[in-house]
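**Q** To be precise about what I am sending: the file is called final18.txt and holds compact mmCIF, C-alpha atoms.
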```
# COMPACT_ATOMS: atom_id res chain seq x y z
CA MET C 19 -11.10 -9.44 -33.32
CA SER C 20 -11.97 -12.26 -30.95
CA GLY C 21 -13.50 -15.52 -32.09
CA THR C 22 -16.97 -14.02 -31.66
CA GLY C 23 -16.17 -11.11 -33.96
CA VAL C 24 -16.55 -8.61 -31.08
CA SER C 25 -13.60 -6.38 -30.19
CA PRO C 26 -12.53 -6.57 -26.52
CA ARG C 27 -13.22 -3.57 -24.31
CA LYS C 28 -10.40 -1.08 -24.04
CA PHE C 29 -9.83 0.87 -20.84
CA LEU C 30 -8.78 4.51 -20.55
CA PHE C 31 -8.23 4.50 -16.79
CA GLY C 32 -4.55 3.90 -16.11
CA MET C 33 -3.29 5.79 -19.15
CA THR C 34 -1.11 8.85 -18.78
CA ARG C 35 -2.09 12.27 -20.06
CA SER C 36 0.24 11.91 -23.06
CA GLU C 37 -1.16 8.45 -23.91
CA LEU C 38 -4.70 9.82 -23.78
CA ALA C 39 -3.66 12.75 -26.01
CA ARG C 40 -2.28 10.33 -28.57
CA ILE C 41 -5.55 8.38 -28.68
CA MET C 42 -7.47 11.60 -29.20
CA GLN C 43 -5.18 12.59 -32.06
CA GLU C 44 -5.63 9.18 -33.66
CA LEU C 45 -9.36 9.92 -33.63
CA GLY C 46 -8.75 13.25 -35.33
CA GLU C 47 -9.29 15.28 -32.16
CA PRO C 48 -6.99 17.94 -30.69
CA ALA C 49 -4.43 16.68 -28.13
CA PHE C 50 -5.96 18.74 -25.31
CA ARG C 51 -8.91 16.32 -25.28
CA GLY C 52 -6.51 13.92 -23.57
CA ALA C 53 -6.02 16.39 -20.73
CA GLN C 54 -9.80 16.73 -20.43
CA LEU C 55 -10.13 12.95 -20.18
CA ALA C 56 -7.40 12.74 -17.55
CA ASP C 57 -8.96 15.49 -15.46
CA ALA C 58 -12.39 13.85 -15.64
CA MET C 59 -11.18 10.38 -14.63
CA TYR C 60 -8.50 11.23 -12.10
CA ARG C 61 -9.51 14.53 -10.51
CA GLN C 62 -13.30 14.54 -10.94
CA ARG C 63 -13.48 10.73 -10.47
CA ILE C 64 -16.03 10.25 -13.25
CA GLU C 65 -16.68 6.57 -13.95
CA GLU C 66 -18.65 6.61 -17.22
CA LEU C 67 -17.80 8.12 -20.60
CA THR C 68 -21.36 9.39 -20.98
CA ALA C 69 -20.83 11.63 -17.93
CA ILE C 70 -17.68 13.36 -19.23
CA THR C 71 -19.45 16.42 -20.56
CA THR C 72 -16.23 18.29 -21.42
CA LEU C 73 -16.13 15.94 -24.43
CA SER C 74 -18.70 16.37 -27.17
CA LYS C 75 -21.57 13.92 -27.32
CA THR C 76 -20.35 12.82 -30.74
CA LEU C 77 -16.88 12.00 -29.40
CA ARG C 78 -18.30 10.12 -26.41
CA GLU C 79 -20.49 8.06 -28.72
CA ARG C 80 -17.57 7.33 -31.01
CA LEU C 81 -15.38 6.18 -28.11
CA THR C 82 -18.18 3.90 -26.92
CA GLU C 83 -18.72 2.49 -30.40
CA GLU C 84 -15.02 1.64 -30.60
CA ASN C 85 -15.31 -0.26 -27.28
CA TRP C 86 -13.51 2.30 -25.15
CA ALA C 87 -14.59 2.61 -21.52
CA VAL C 88 -13.27 4.44 -18.46
CA GLY C 89 -12.71 1.09 -16.77
CA ARG C 90 -12.02 2.27 -13.23
CA PRO C 91 -11.94 -0.67 -10.77
CA ARG C 92 -15.20 -1.08 -8.88
CA ILE C 93 -15.79 -1.85 -5.20
CA ALA C 94 -17.71 -5.12 -5.25
CA GLN C 95 -18.05 -5.85 -1.52
CA VAL C 96 -17.56 -3.87 1.70
CA PHE C 97 -16.78 -5.24 5.15
CA ARG C 98 -16.86 -2.88 8.13
CA SER C 99 -15.01 -3.41 11.41
CA VAL C 100 -16.10 -2.41 14.88
CA ASP C 101 -13.19 0.06 14.87
CA GLY C 102 -14.40 1.81 11.70
CA THR C 103 -11.92 0.15 9.34
CA GLU C 104 -13.38 -0.87 5.98
CA ARG C 105 -12.10 -3.74 3.83
CA TYR C 106 -13.08 -3.83 0.17
CA LEU C 107 -13.07 -6.49 -2.48
CA VAL C 108 -12.28 -4.48 -5.61
CA GLU C 109 -12.95 -5.89 -9.07
CA GLY C 110 -10.20 -5.78 -11.67
CA GLN C 111 -10.71 -3.92 -14.92
CA ALA C 112 -11.89 -7.06 -16.69
CA GLY C 113 -14.18 -7.83 -13.75
CA ALA C 114 -13.00 -11.44 -13.51
CA ASP C 115 -11.38 -11.36 -10.07
CA THR C 116 -11.07 -9.22 -6.96
CA VAL C 117 -8.28 -7.75 -4.89
CA GLU C 118 -8.17 -6.39 -1.33
CA THR C 119 -8.08 -2.71 -0.33
CA VAL C 120 -8.36 -1.33 3.22
CA TRP C 121 -9.40 2.08 4.57
CA MET C 122 -8.30 2.89 8.14
CA PRO C 123 -9.79 6.04 9.65
CA GLU C 124 -7.15 7.83 11.75
CA GLY C 125 -4.52 5.42 10.40
CA ASP C 126 -2.54 2.94 12.49
CA GLU C 127 0.47 5.04 13.60
CA GLY C 128 2.53 3.37 10.87
CA GLU C 129 4.11 6.66 9.72
CA SER C 130 5.21 7.77 13.20
CA GLY C 131 8.80 8.94 13.28
CA ASP C 132 9.59 8.37 9.60
CA GLY C 133 10.70 11.97 9.04
CA SER C 134 7.73 12.97 6.85
CA GLU C 135 4.85 15.37 7.43
CA ALA C 136 2.59 12.37 7.98
CA GLY C 137 4.97 11.00 10.61
CA ASP C 138 5.27 14.37 12.33
CA GLU C 139 1.49 14.53 12.69
CA GLU C 140 1.46 11.21 14.50
CA VAL C 141 4.22 12.06 16.97
CA ALA C 142 3.09 15.66 17.54
CA THR C 143 1.09 14.63 20.61
CA GLY C 144 2.28 11.11 21.32
CA ARG C 145 -1.35 10.01 21.13
CA PRO C 146 -3.68 8.65 18.46
CA ALA C 147 -5.41 11.29 16.37
CA THR C 148 -8.74 10.43 17.98
CA ALA C 149 -7.54 11.01 21.55
CA PRO C 150 -9.17 13.82 23.54
CA GLY C 151 -7.26 17.07 23.26
CA VAL C 152 -5.62 16.33 19.92
CA ARG C 153 -6.26 19.43 17.82
CA ALA C 154 -8.97 19.18 15.20
CA SER C 155 -6.57 19.91 12.33
CA LEU C 156 -4.81 16.60 13.05
CA ARG C 157 -8.05 14.65 13.53
CA ARG C 158 -9.79 15.85 10.39
CA ASN C 159 -10.13 12.91 8.04
CA ARG C 160 -6.61 11.70 8.65
CA ALA C 161 -6.66 8.15 7.35
CA THR C 162 -4.49 5.44 5.85
CA LEU C 163 -5.38 3.66 2.62
CA CYS C 164 -3.75 0.28 2.00
CA ILE C 165 -3.74 -0.97 -1.59
CA SER C 166 -2.60 -4.11 -3.40
CA SER C 167 -0.19 -4.63 -6.28
CA GLN C 168 -0.95 -8.26 -7.19
CA VAL C 169 -3.77 -10.77 -6.89
CA GLY C 170 -2.26 -13.12 -4.33
CA CYS C 171 1.47 -13.28 -3.64
CA ALA C 172 4.42 -15.47 -4.59
CA VAL C 173 6.71 -14.61 -1.66
CA ASN C 174 5.20 -17.23 0.68
CA CYS C 175 5.81 -15.62 4.08
CA GLN C 176 4.75 -18.33 6.50
CA PHE C 177 2.78 -16.03 8.80
CA CYS C 178 0.68 -14.33 6.08
CA LEU C 179 -2.76 -15.41 4.88
CA THR C 180 -2.22 -13.90 1.44
CA ALA C 181 0.50 -16.49 0.85
CA ARG C 182 -2.21 -19.18 0.85
CA LEU C 183 -3.50 -17.80 -2.46
CA GLY C 184 -0.18 -18.00 -4.28
CA LEU C 185 0.38 -15.55 -7.10
CA GLN C 186 -2.57 -15.37 -9.47
CA ARG C 187 -1.58 -12.33 -11.56
CA ASN C 188 -0.04 -8.87 -11.59
CA LEU C 189 -2.31 -5.84 -11.43
CA THR C 190 -2.14 -3.19 -14.14
CA PRO C 191 -1.25 0.43 -13.32
CA GLY C 192 -4.93 1.32 -13.66
CA GLU C 193 -5.97 -1.46 -11.30
CA ILE C 194 -3.43 -0.37 -8.67
CA ALA C 195 -4.18 3.36 -8.85
CA GLY C 196 -7.89 2.63 -9.38
CA GLN C 197 -8.20 1.06 -5.94
CA ALA C 198 -7.13 4.37 -4.44
CA VAL C 199 -9.46 6.48 -6.60
CA ALA C 200 -12.44 4.19 -5.93
CA VAL C 201 -11.95 4.47 -2.16
CA LEU C 202 -11.19 8.20 -2.22
CA ALA C 203 -14.47 8.66 -4.09
CA ARG C 204 -16.38 6.49 -1.59
CA GLN C 205 -14.94 8.47 1.32
CA ALA C 206 -15.42 11.85 -0.42
CA VAL C 207 -11.77 12.73 0.20
CA GLU C 208 -10.65 16.18 -0.89
CA ILE C 209 -7.03 16.08 -2.07
CA GLY C 210 -5.05 18.90 -0.48
CA ARG C 211 -7.43 19.25 2.46
CA ASP C 212 -7.87 15.79 3.94
CA ARG C 213 -4.80 14.00 5.25
CA VAL C 214 -4.58 10.60 3.58
CA ASN C 215 -1.54 8.36 3.76
CA LEU C 216 -1.28 5.61 1.16
CA VAL C 217 0.62 2.37 1.76
CA PHE C 218 1.44 -0.31 -0.77
CA MET C 219 1.09 -3.04 1.83
CA GLY C 220 -1.93 -4.99 0.60
CA MET C 221 -1.86 -8.20 -1.39
CA GLY C 222 1.28 -8.95 -3.35
CA GLU C 223 4.91 -7.86 -3.49
CA PRO C 224 5.13 -4.46 -5.25
CA PHE C 225 8.73 -5.00 -6.36
CA LEU C 226 7.75 -8.19 -8.21
CA ASN C 227 5.37 -6.04 -10.27
CA TYR C 228 7.77 -3.12 -10.35
CA GLU C 229 6.98 -1.36 -13.63
CA ASN C 230 3.22 -1.44 -13.10
CA PHE C 231 3.62 -0.38 -9.46
CA MET C 232 5.75 2.66 -10.37
CA ALA C 233 3.45 3.57 -13.28
CA ALA C 234 0.61 3.61 -10.74
CA VAL C 235 2.66 5.78 -8.39
CA ARG C 236 3.24 8.30 -11.17
CA LEU C 237 -0.50 8.39 -11.89
CA LEU C 238 -1.26 8.92 -8.20
CA VAL C 239 1.27 11.75 -7.95
CA GLU C 240 0.98 13.50 -11.31
CA GLU C 241 -2.69 13.02 -12.15
CA ILE C 242 -4.49 12.42 -8.85
CA GLY C 243 -2.44 14.84 -6.79
CA LEU C 244 -1.19 12.69 -3.90
CA SER C 245 2.19 13.48 -2.35
CA PRO C 246 4.86 10.75 -2.60
CA GLN C 247 5.87 11.71 0.94
CA ARG C 248 2.47 10.42 2.05
CA MET C 249 3.09 7.07 0.34
CA THR C 250 5.04 4.11 1.68
CA VAL C 251 5.93 0.95 -0.21
CA SER C 252 6.76 -2.22 1.69
CA THR C 253 8.97 -4.92 0.24
CA SER C 254 9.91 -8.33 1.58
CA GLY C 255 13.41 -7.73 0.25
CA ILE C 256 13.45 -8.02 -3.54
CA VAL C 257 16.98 -6.73 -4.10
CA PRO C 258 16.73 -6.01 -7.87
CA GLY C 259 13.53 -4.04 -7.22
CA ILE C 260 15.20 -2.01 -4.46
CA GLN C 261 18.08 -1.27 -6.82
CA LYS C 262 15.64 0.10 -9.41
CA PHE C 263 13.80 2.02 -6.70
CA ALA C 264 17.04 3.70 -5.65
CA LEU C 265 17.21 5.35 -9.09
CA GLU C 266 13.73 6.89 -8.93
CA PRO C 267 13.59 10.69 -8.59
CA PRO C 268 12.46 11.91 -5.14
CA GLU C 269 9.49 13.79 -6.63
CA VAL C 270 7.75 10.49 -7.46
CA ARG C 271 9.39 8.08 -5.00
CA PRO C 272 7.38 6.79 -2.04
CA LYS C 273 9.02 6.18 1.32
CA LEU C 274 10.55 2.72 1.80
CA ALA C 275 9.65 0.06 4.35
CA ILE C 276 11.50 -3.24 4.64
CA SER C 277 9.57 -6.23 5.95
CA LEU C 278 12.33 -7.62 8.21
CA ASN C 279 10.42 -9.75 10.73
CA ALA C 280 13.40 -11.65 12.14
CA PRO C 281 16.69 -10.72 13.83
CA ASN C 282 18.98 -13.03 11.84
CA ASN C 283 19.21 -14.96 8.57
CA GLU C 284 18.51 -18.37 10.09
CA LEU C 285 15.17 -17.40 11.60
CA ARG C 286 14.23 -15.10 8.71
CA SER C 287 14.77 -17.90 6.19
CA GLU C 288 12.37 -20.10 8.15
CA ILE C 289 9.50 -17.64 8.16
CA MET C 290 10.37 -15.77 4.93
CA PRO C 291 11.81 -18.16 2.30
CA ILE C 292 12.76 -15.17 0.11
CA ASN C 293 15.67 -14.61 2.52
CA ARG C 294 17.42 -17.68 1.11
CA LYS C 295 17.80 -15.82 -2.20
CA TRP C 296 18.49 -12.34 -0.81
CA PRO C 297 19.74 -12.52 2.79
CA ILE C 298 19.73 -9.61 5.18
CA GLU C 299 23.23 -8.40 4.19
CA ALA C 300 22.31 -8.15 0.49
CA LEU C 301 19.06 -6.45 1.41
CA VAL C 302 20.76 -3.81 3.54
CA ASP C 303 23.40 -3.13 0.88
CA ALA C 304 20.62 -2.44 -1.65
CA VAL C 305 18.75 -0.12 0.75
CA ARG C 306 21.91 1.92 1.39
CA ALA C 307 21.81 3.04 -2.27
CA VAL C 308 18.40 4.75 -1.83
CA ARG C 309 18.91 8.53 -1.67
CA LEU C 310 16.75 9.60 1.24
CA ARG C 311 15.17 13.02 1.51
CA PRO C 312 16.21 15.32 4.37
CA ARG C 313 14.97 13.86 7.69
CA GLU C 314 13.57 10.77 5.94
CA ARG C 315 13.99 7.39 7.63
CA VAL C 316 13.82 3.87 6.30
CA THR C 317 11.23 1.79 8.15
CA PHE C 318 12.04 -1.77 9.23
CA GLU C 319 8.80 -3.64 9.85
CA TYR C 320 8.91 -6.42 12.39
CA VAL C 321 6.03 -8.85 12.92
CA LEU C 322 6.13 -10.25 16.45
CA LEU C 323 5.22 -13.96 16.41
CA GLY C 324 4.41 -15.25 19.89
CA GLY C 325 7.32 -17.34 21.22
CA VAL C 326 9.10 -17.24 17.83
CA THR C 327 10.40 -13.72 17.15
CA ASP C 328 9.40 -11.81 20.29
CA ARG C 329 12.09 -12.78 22.80
CA PRO C 330 14.38 -10.29 24.59
CA GLU C 331 17.46 -11.63 22.80
CA HIS C 332 15.68 -11.00 19.48
CA ALA C 333 15.18 -7.35 20.41
CA ARG C 334 18.89 -6.97 21.19
CA GLN C 335 19.81 -8.60 17.86
CA VAL C 336 17.42 -6.32 15.94
CA ALA C 337 18.92 -3.26 17.63
CA ARG C 338 22.45 -4.34 16.65
CA LEU C 339 21.31 -5.10 13.09
CA VAL C 340 19.66 -1.68 12.63
CA ARG C 341 22.70 0.11 14.07
CA ARG C 342 25.05 -1.77 11.74
CA THR C 343 23.11 -0.63 8.68
CA GLY C 344 24.25 2.95 9.30
CA LEU C 345 20.89 4.10 7.92
CA PRO C 346 18.57 6.69 9.42
CA ALA C 347 15.94 4.17 10.39
CA LYS C 348 13.10 3.28 12.70
CA VAL C 349 11.38 0.01 13.58
CA ASN C 350 7.63 -0.56 13.31
CA LEU C 351 6.48 -3.41 15.52
CA ILE C 352 3.40 -5.36 14.47
CA ALA C 353 1.80 -7.88 16.81
CA TRP C 354 0.93 -10.84 14.58
CA ASN C 355 -2.69 -10.83 13.42
CA PRO C 356 -4.32 -14.28 13.59
CA GLY C 357 -5.60 -16.17 10.57
CA PRO C 358 -7.14 -19.63 10.15
CA GLY C 359 -4.67 -22.39 9.43
CA VAL C 360 -1.58 -20.26 10.14
CA PRO C 361 0.50 -21.96 12.88
CA TYR C 362 1.52 -18.93 14.93
CA SER C 363 0.11 -17.06 17.90
CA THR C 364 -0.33 -13.42 18.82
CA PRO C 365 2.39 -12.36 21.27
CA ASP C 366 1.63 -11.56 24.88
CA PRO C 367 1.10 -7.80 25.37
CA ASP C 368 3.92 -7.76 27.95
CA ALA C 369 6.30 -9.32 25.41
CA VAL C 370 5.36 -6.64 22.89
CA ASP C 371 5.92 -3.88 25.43
CA ASN C 372 9.23 -5.34 26.58
CA PHE C 373 10.44 -5.69 22.98
CA LYS C 374 9.67 -2.07 22.26
CA ARG C 375 11.35 -0.95 25.50
CA SER C 376 14.43 -3.01 24.70
CA LEU C 377 14.80 -1.35 21.30
CA ALA C 378 14.33 2.08 22.83
CA GLY C 379 16.91 1.24 25.49
CA GLU C 380 19.37 0.39 22.71
CA GLY C 381 18.77 3.79 21.11
CA ILE C 382 16.49 2.53 18.31
CA ALA C 383 13.34 4.50 17.45
CA ALA C 384 10.53 1.96 17.77
CA TYR C 385 6.78 2.32 17.27
CA LEU C 386 3.89 -0.09 17.66
CA ARG C 387 1.38 -0.19 14.81
CA ARG C 388 -2.17 -0.38 16.04
CA PRO C 389 -4.07 -3.44 14.80
CA ARG C 390 -6.98 -2.30 12.66
CA GLY C 391 -9.87 -4.37 11.34
CA ARG C 392 -8.86 -7.75 12.78
CA ASP C 393 -12.51 -8.77 13.10
CA ILE C 394 -12.99 -8.45 9.31
CA TYR C 395 -9.63 -9.90 8.21
CA ALA C 396 -8.38 -6.44 7.26
CA ALA C 397 -5.25 -6.30 9.41
CA CYS C 398 -1.66 -6.74 8.25
CA GLY C 399 -1.13 -10.28 6.93
CA GLN C 400 -4.83 -11.15 6.88
CA LEU C 401 -5.79 -10.26 3.30
CA LYS C 402 -7.12 -13.33 1.51
CA ARG C 403 -10.42 -12.20 -0.04
CA THR C 404 -12.28 -13.64 2.97
CA VAL C 405 -16.05 -13.15 2.80
CA GLU C 406 -16.95 -13.92 6.43
CA GLN C 407 -16.22 -12.10 9.66
CA ALA C 408 -13.33 -13.23 11.85
CA GLY C 409 -15.34 -13.01 15.06
CA PRO C 410 -13.97 -11.82 18.42
CA VAL C 411 -10.18 -11.48 18.40
CA PRO C 412 -7.68 -10.36 21.05
CA LEU C 413 -6.32 -6.84 20.67
CA VAL C 414 -2.77 -5.84 21.61
```
Kindly present the structure from the file in structure tokens form.

**A**
Amino acid sequence: MSGTGVSPRKFLFGMTRSELARIMQELGEPAFRGAQLADAMYRQRIEELTAITTLSKTLRERLTEENWAVGRPRIAQVFRSVDGTERYLVEGQAGADTVETVWMPEGDEGESGDGSEAGDEEVATGRPATAPGVRASLRRNRATLCISSQVGCAVNCQFCLTARLGLQRNLTPGEIAGQAVAVLARQAVEIGRDRVNLVFMGMGEPFLNYENFMAAVRLLVEEIGLSPQRMTVSTSGIVPGIQKFALEPPEVRPKLAISLNAPNNELRSEIMPINRKWPIEALVDAVRAVRLRPRERVTFEYVLLGGVTDRPEHARQVARLVRRTGLPAKVNLIAWNPGPGVPYSTPDPDAVDNFKRSLAGEGIAAYLRRPRGRDIYAACGQLKRTVEQAGPVPLV
């Protein structure tokens, strides 16, 4: 009991099927009621206990009386970009704070060339899914959903707006998976028909909230029905987390992306202080232990900072670095997205093009991620729970 004599609310969303079955048995109900609860919350996307009609009215009333609630995270605010991208402020289960989630219609070409079905779709034509002549089966509701793992972030990358928040708290498995379910419900996505790629690239470092992140992944795969080969997790280089990740079975393991962003340790330590603890060599050694699926590639993400990391010599160094890893890999280039108070500039489009050409000339598969939602602070590195529009911004 709390000091007021009122029991705190207890949330069902985020629990596994077996955990729900145990609660039902503790209430004197058959275990299969747990499966009914799971199906209602995760597949039917029902938000209120009163609406779960597969449970008896008496059981629903009893759960409510004992302060149980579904507790799925709720979209509190929506911001819509001129390019169709939507950014959401999503309330946590306790409703005390919000976290960022982004929906990108047609995606951003981030999966191109990664050896998965999602990547094959993007390189099938060499053009965005919305381009004229791209067959309808590739255009139909193909989108990317970007979700967060923490409120704020402790990694302190110097080019990222989220770093300005610092780390406020870890999200629970239900709060991580709940972002996805809330947006899938808003967009009326049909699992198995619509092509949705999910990336753990929002606020926070997933591998600093590892157990909750992987519990959410298992919910998304086993209960909600998403394919792990349509999921990608990005890490700044948390070596112990990568070592745990390497032990995960392929049937629940997302694809791996490494946020590299610099061609050498000296420059990477300046813009990503985490590199001082786990330098590039330690990072690569940890990634080599990940057992990749057939055709799967590791993605190295590289944010191009104008005049800082976008020079021709940097491209040559990145190419040598990727070759030395011995990994099946590709490089995703990201032109830096501007944010107030961050002392960097967006690279010149010619510098971006030359960087990509240099990598290709060195035999490295390189792709340019399209900026999405810059005008609403929804692009990579811009997530800081901003409530105003960004205004006109240059596009690369």

**Q** Looking at only C-alpha atoms, which of C:Val349, C:Cys171, C:Ala369, C:Ala94 is the one that sits closest to Ala383 in chain C?

**A** C:Val349

**Q** Excluding same-chain residues fewer than 4 positions from range 277-283 of chain C, what lies within 6 Å of it counting all atoms listed in the file, as a list in words?

**A**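 Answer for this query is Thr253, Ser254, Ser287, Phe318, Glu319, Tyr320, Val321, His332, Gln335 and Val336 of chain C.
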
**Q** What's around Arg35 in chain C at 7 Å? Count all atoms listed in the file, leave out sequence neighbours fewer than 5 positions away in its own chain, and write the answer as a list of chain:residue names.

**A**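 Neighbouring residues, sequence-local ones excluded: C:Gly52, C:Ala53, C:Ala56.
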
**Q** Fewer than 3 positions away in the same chain doesn't count, so skip those; otherwise give me all residues within 10 Å of Lys262 in chain C, counting all atoms listed in the file, as a ChimeraX atom specification.

**A** /C:225,228-229,257-259,265-266,304,307-308

**Q** Just want the 10 Å neighbourhood of Ser167 in chain C, counted on all atoms listed in the file, with same-chain residues fewer than 6 positions away dropped. Output as a ChimeraX atom specification.

**A** /C:117-118,187-191,193-195,197,218-228,230-231,234

**Q** Go through C:Pro26, C:Pro367, C:Gly196, C:Pro91 one by one, measure the shortest atom-to-atom distance of each to Asp328 in chain C using only C-alpha atoms, and give the residue with the smallest value.

**A**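 The closest residue to Asp328 in chain C is C:Pro367.
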
**Q** Quick one: distance from CA of Arg306 in chain C to CA of Leu345 in chain C in Å, one decimal?

**A**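 Taking CA of Arg306 in chain C as the start and CA of Leu345 in chain C as the end point, the length is 7.0 Å.
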
**Q** Around the point (-18.5, -1.3, -5.5) in the file's coordinates, collect all residues with an atom within 12 Å, using all atoms listed in the file, and return them as JSON, numbers by chain.

**A** {"C": [65, 90, 91, 92, 93, 94, 95, 96, 97, 105, 106, 107, 108, 109, 110, 113, 116, 119, 196, 197, 199, 200, 201, 203, 204]}

**Q** Calculated over all atoms listed in the file, which of the candidates C:Val100, C:Asp303, C:Gln111, C:Lys28 has the smallest distance to Leu81 in chain C?

**A**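 Counting all atoms listed in the file, the residue closest to Leu81 in chain C is C:Lys28.
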
**Q** Which residues, written as a list in words, have at least one atom at most 7 Å from Ser99 in chain C, with only C-alpha atoms counted and residues fewer than 2 positions away on the same chain left out?

**A** Phe97, Asp101, Gly102, Thr103, Glu104, Gly391, Asp393 and Ile394 of chain C

**Q** Distance CA of Arg387 in chain C-CA of Ile352 in chain C, one decimal place?

**A**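 Between CA of Arg387 in chain C and CA of Ile352 in chain C the gap works out to 5.6 Å.
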
**Q** Quick one: distance from CA of Leu323 in chain C to CA of Thr343 in chain C in Å, one decimal?

**A**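 For CA of Leu323 in chain C relative to CA of Thr343 in chain C, the distance reads 23.6 Å.
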
**Q** Tell me which of C:Ile260, C:Leu322, C:Gln168, C:Arg313 sits closest to Leu301 in chain C, counting all atoms listed in the file.

**A**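 Counting all atoms listed in the file, the residue closest to Leu301 in chain C is C:Ile260.
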
**Q** Around range 336-339 of chain C, fit a box with edges along x, y and z, padding it by 4 Å on each side, then list its centre and edge lengths in Å to one decimal as lines of an AutoDock Vina configuration file.

**A**
```
center_x = 19.9
center_y = -4.8
center_z = 15.4
size_x = 13.0
size_y = 11.1
size_z = 12.5
```

**Q** Using only C-alpha atoms, which of C:Thr76, C:Gln205, C:Thr68, C:Thr250 sits nearest Met122 in chain C?

**A**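 Selected residue with least distance to Met122 in chain C: C:Gln205.
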
**Q** Tell me which of C:Gly46, C:Arg329, C:Pro272, C:Ala264 sits closest to Arg309 in chain C, counting all atoms listed in the file.

**A**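 Among the listed residues, the smallest separation from Arg309 in chain C belongs to C:Ala264.
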
**Q** Can you put all heavy atoms back into range 196-201 of chain C and show it as an mmCIF file, in the coordinates of the input?

**A**
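Just written: selection_33.cif:
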```
data_model
loop_
_atom_site.group_PDB
_atom_site.id
_atom_site.type_symbol
_atom_site.label_atom_id
_atom_site.label_comp_id
_atom_site.auth_asym_id
_atom_site.auth_seq_id
_atom_site.Cartn_x
_atom_site.Cartn_y
_atom_site.Cartn_z
ATOM 1 N N GLY C 196 -6.423 2.604 -9.439
ATOM 2 C CA GLY C 196 -7.890 2.630 -9.380
ATOM 3 C C GLY C 196 -8.451 2.250 -8.038
ATOM 4 O O GLY C 196 -9.528 2.725 -7.650
ATOM 5 N N GLN C 197 -7.753 1.378 -7.300
ATOM 6 C CA GLN C 197 -8.200 1.060 -5.940
ATOM 7 C C GLN C 197 -8.260 2.333 -5.103
ATOM 8 O O GLN C 197 -9.228 2.583 -4.379
ATOM 9 C CB GLN C 197 -7.247 0.081 -5.277
ATOM 10 C CG GLN C 197 -7.168 -1.290 -5.887
ATOM 11 C CD GLN C 197 -5.995 -2.066 -5.324
ATOM 12 O OE1 GLN C 197 -5.957 -2.390 -4.144
ATOM 13 N NE2 GLN C 197 -5.008 -2.358 -6.172
ATOM 14 N N ALA C 198 -7.177 3.141 -5.216
ATOM 15 C CA ALA C 198 -7.130 4.370 -4.440
ATOM 16 C C ALA C 198 -8.241 5.318 -4.843
ATOM 17 O O ALA C 198 -8.947 5.866 -3.988
ATOM 18 C CB ALA C 198 -5.764 5.045 -4.638
ATOM 19 N N VAL C 199 -8.448 5.525 -6.141
ATOM 20 C CA VAL C 199 -9.460 6.480 -6.600
ATOM 21 C C VAL C 199 -10.864 6.011 -6.195
ATOM 22 O O VAL C 199 -11.707 6.815 -5.784
ATOM 23 C CB VAL C 199 -9.357 6.698 -8.110
ATOM 24 C CG1 VAL C 199 -10.470 7.614 -8.610
ATOM 25 C CG2 VAL C 199 -7.997 7.306 -8.461
ATOM 26 N N ALA C 200 -11.118 4.707 -6.306
ATOM 27 C CA ALA C 200 -12.440 4.190 -5.930
ATOM 28 C C ALA C 200 -12.736 4.455 -4.457
ATOM 29 O O ALA C 200 -13.854 4.849 -4.088
ATOM 30 C CB ALA C 200 -12.516 2.694 -6.227
ATOM 31 N N VAL C 201 -11.738 4.260 -3.592
ATOM 32 C CA VAL C 201 -11.950 4.470 -2.160
ATOM 33 C C VAL C 201 -11.997 5.958 -1.826
ATOM 34 O O VAL C 201 -12.814 6.394 -1.004
ATOM 35 C CB VAL C 201 -10.877 3.745 -1.337
ATOM 36 C CG1 VAL C 201 -11.068 4.020 0.160
ATOM 37 C CG2 VAL C 201 -10.934 2.242 -1.591
#
```
